[in-house]
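*Asks:* To start, I am sharing the structure in question, which I have written as structure tokens.
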There are 2 protein chains.
Amino acid sequence: MMISTRGRYALRVMLDLAENSQNGYVPMKEVAERQELSLKYIERIMPSLVKEGLVEGVHGKGGGYRLVKRPEKYTVGDILRISEGDLSPVSCLVSGAPPCGRAESCKTLPMWKKLYSMVNGFFDSITLKDLLDG
Amino acid sequence: MMISTRGRYALRVMLDLAENSQNGYVPMKEVAERQELSLKYIERIMPSLVKEGLVEGVHGKGGGYRLVKRPEKYTVGDILRISEGDLSPVSCLVSGAPPCGRAESCKTLPMWKKLYSMVNGFFDSITLKDLLDG
DNA sequence: ATTTAACCAACCTGTTTGGTAGGTAAAACA
DNA sequence: TGTTTTACCTACCAAACAGGTTGGTTAAAT
């Protein structure tokens with residue numbers, strides 16, 4: 001339910017691209033070495049970022065991935081929601097979850113909702129550029 | 001890594017005790033019915049709350065569980081940390097995790113730490129009484 | 001001695017996590 | 001034309017975790 005390696009690796013790849021894509025496309029082989037991540041695992045994560053339009057991928061020699069916008073235009077929230085799916089801290093609030101019959105009278109639900117929007121707000125307020133600049 | 005049924009149920013039991021323990025000890029059979037939770041599952045959760053001194057349990061007829069402090073003296077943070085274990089949103093920060101060799105240069109670590117302390121701070125600022133009063 | 005209720009240990013099913021293996025498709029290059 | 005490079009796709013897998021259930025034992029009251 002919260003941040004697994006999938007989302008964390010996606011973020012690190014995006015940061016690596018931001019730092020290294022002035023020279024065009026960056027192959028995942030290089031990123032995997034720099035970041036010390038499994039190439040095969042990264043390869044499984046990237047297509048979702050392409051599909052959602054965050055990066056562009058090009059086959060063959062000289063190919064690789066590249067950001068399509070400037071680093072300050074990407075929020076951490078977008079990257080995590082795409083790679084992880086949902087940032088809800090409790091299953092009750094995951095989109096598509098079966099409606100809870102006790103929701104009306106639930107004393108804790110407002111708290112979970114507040115936390116959920118806090119977490120989303122937190123991640124949406126940070127861009128790739130913010131992370132690069134430290 | 002984040003809030004599963006274990007912690008959510010623990011909270012709901014504590015709230016139920018707060019609402020119903022003026023008449024002494026409350027048996028889990030009653031709580032399970034009121035909250036529509038599995039009695040057996042609750043029974044597995046309660047001993048940790050006893051062990052950490054949050055509630056008191058008494059065997060036999062007329063027994064059950066009871067809060068040892070007033071509702072405003074319990075924070076949601078304490079209850080969740082005891083029942084869930086650790087509220088870290090990422091495995092890197094779980095206490096006892098193997099140290100990460102990249103920690104020094106990690107561009108994302110400060111962000112995870114900030115979120116972690118935000119989440120803890122959020123939960124530590126809410127008491128059982130706050131939840132009861134809505 | 002019977003009932004009630006906390007407490008404890010073992011097990012179990014399904015899902016998620018964090019990958020790996022073994023390819024195919026497309027683009028560049030020789 | 002064929003080889004290399006790289007994205008991309010499918011299937012599989014082991015370990016861990018979630019969310020319980022089963023079947024008790026111990027302690028206290030009546």
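Identifiers for the structure tokens are assigned positionally: chains receive A, B, ... in sequence, residues are indexed from 1 per chain, and ligands are indexed from 1 in the order shown.
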Identify every residue of chain B that has at least one atom within 9 Å of any atom of chain D, counting only C-alpha atoms (C1' of nucleotides), and report the result as a PDB file with C-alpha atoms, in the first residue's frame.
*Replies:*
```pdb
ATOM      1  CA  SER B   4      -3.204  -2.619   7.296  1.00  0.00           C
ATOM      2  CA  THR B   5      -6.296  -4.052   8.964  1.00  0.00           C
ATOM      3  CA  ARG B   6      -4.244  -4.854  12.036  1.00  0.00           C
ATOM      4  CA  SER B  38     -13.654 -11.393  13.621  1.00  0.00           C
ATOM      5  CA  LYS B  40     -10.502 -14.560  16.765  1.00  0.00           C
ATOM      6  CA  TYR B  41      -8.537 -12.010  14.798  1.00  0.00           C
ATOM      7  CA  VAL B  58      -8.868  -9.779  32.874  1.00  0.00           C
ATOM      8  CA  HIS B  59      -9.822 -13.423  32.387  1.00  0.00           C
ATOM      9  CA  GLY B  60     -13.110 -15.071  33.136  1.00  0.00           C
ATOM     10  CA  LYS B  61     -16.682 -14.028  33.628  1.00  0.00           C
ATOM     11  CA  GLY B  62     -17.058 -10.296  34.066  1.00  0.00           C
ATOM     12  CA  GLY B  63     -13.627  -9.874  32.508  1.00  0.00           C
TER      13      GLY B  63
END
```
*Asks:* Find the residues of chain A in contact range of chain B, meaning any atom within 7 Å when counting only C-alpha atoms, and list them as a ChimeraX atom specification.
*Replies:* /A:1-4,89-90,107-108,131-132,134
*Asks:* Go ahead and save the picked residues with N, CA and C atoms, as a PDB file, in the first residue's frame.
*Replies:*
```pdb
ATOM      1  N   MET A   1       0.799  -1.232   0.000  1.00  0.00           N
ATOM      2  CA  MET A   1       0.000   0.000   0.000  1.00  0.00           C
ATOM      3  C   MET A   1       0.828   1.276   0.000  1.00  0.00           C
ATOM      4  N   MET A   2       2.147   1.206   0.305  1.00  0.00           N
ATOM      5  CA  MET A   2       2.769   2.524   0.152  1.00  0.00           C
ATOM      6  C   MET A   2       3.931   2.505  -0.837  1.00  0.00           C
ATOM      7  N   ILE A   3       5.087   2.996  -0.556  1.00  0.00           N
ATOM      8  CA  ILE A   3       6.090   3.148  -1.612  1.00  0.00           C
ATOM      9  C   ILE A   3       7.039   1.958  -1.647  1.00  0.00           C
ATOM     10  N   SER A   4       6.945   1.160  -2.707  1.00  0.00           N
ATOM     11  CA  SER A   4       7.813  -0.001  -2.852  1.00  0.00           C
ATOM     12  C   SER A   4       8.994   0.348  -3.763  1.00  0.00           C
ATOM     13  N   PRO A  89      -2.959   5.383   1.909  1.00  0.00           N
ATOM     14  CA  PRO A  89      -2.324   4.704   3.040  1.00  0.00           C
ATOM     15  C   PRO A  89      -3.193   3.593   3.628  1.00  0.00           C
ATOM     16  N   VAL A  90      -4.458   3.531   3.239  1.00  0.00           N
ATOM     17  CA  VAL A  90      -5.357   2.465   3.707  1.00  0.00           C
ATOM     18  C   VAL A  90      -6.184   1.927   2.545  1.00  0.00           C
ATOM     19  N   LYS A 107     -15.538   6.408  12.736  1.00  0.00           N
ATOM     20  CA  LYS A 107     -14.871   7.495  13.459  1.00  0.00           C
ATOM     21  C   LYS A 107     -13.467   7.773  12.922  1.00  0.00           C
ATOM     22  N   THR A 108     -12.927   6.817  12.173  1.00  0.00           N
ATOM     23  CA  THR A 108     -11.538   6.983  11.729  1.00  0.00           C
ATOM     24  C   THR A 108     -11.409   7.435  10.272  1.00  0.00           C
ATOM     25  N   LEU A 131      14.441  17.976  -6.389  1.00  0.00           N
ATOM     26  CA  LEU A 131      15.286  16.888  -5.886  1.00  0.00           C
ATOM     27  C   LEU A 131      16.723  17.019  -6.382  1.00  0.00           C
ATOM     28  N   LEU A 132      16.885  17.428  -7.640  1.00  0.00           N
ATOM     29  CA  LEU A 132      18.224  17.598  -8.198  1.00  0.00           C
ATOM     30  C   LEU A 132      19.004  18.667  -7.443  1.00  0.00           C
ATOM     31  N   GLY A 134      18.628  19.541  -4.501  1.00  0.00           N
ATOM     32  CA  GLY A 134      18.806  19.211  -3.073  1.00  0.00           C
ATOM     33  C   GLY A 134      17.992  20.130  -2.224  1.00  0.00           C
TER      34      GLY A 134
END
```
*Asks:* Sort by chain and increasing residue number a table of all residues of chain C within 8 Å of chain B, each with its closest pair of atoms and their distance in Å to one decimal, counting only C-alpha atoms (C1' of nucleotides), and write it as a tab-separated table.
*Replies:*
```
residue	atom	partner	partner_atom	distance
C:DT3	C1'	B:Lys61	CA	7.6
C:DT4	C1'	B:Lys61	CA	4.4
C:DA5	C1'	B:Gly60	CA	4.7
C:DA6	C1'	B:His59	CA	4.9
C:DC7	C1'	B:Pro47	CA	7.4
```
*Asks:* With DSSP run on the backbone, what are the strand (DSSP E or B) residues within chain A? I'd like them as a list in words.
*Replies:*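 Those residues are Val26, Val55, Glu56, Gly57, Val58, Gly64, Tyr65, Arg66, Leu67, Thr75 and Thr127 of chain A.
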*Asks:* Could you work out how far atom CA of Leu17 of chain B lies from atom CA of Thr75 of chain B, giving the answer in Å with one decimal?
*Replies:*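 Atom CA of Leu17 of chain B lies at a distance of 14.5 Å from atom CA of Thr75 of chain B.
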*Asks:* According to DSSP computed on the backbone, where in chain A is there alpha helix (DSSP H)? Give the residues as JSON, numbers by chain.
*Replies:* {"A": [5, 6, 7, 8, 9, 10, 11, 12, 13, 14, 15, 16, 17, 18, 19, 20, 28, 29, 30, 31, 32, 33, 34, 35, 39, 40, 41, 42, 43, 44, 45, 46, 47, 48, 49, 50, 51, 76, 77, 78, 79, 80, 81, 82, 83, 84, 109, 110, 111, 112, 113, 114, 115, 116, 117, 118, 119, 120, 121, 122, 123, 124, 128, 129, 130, 131, 132, 133]}
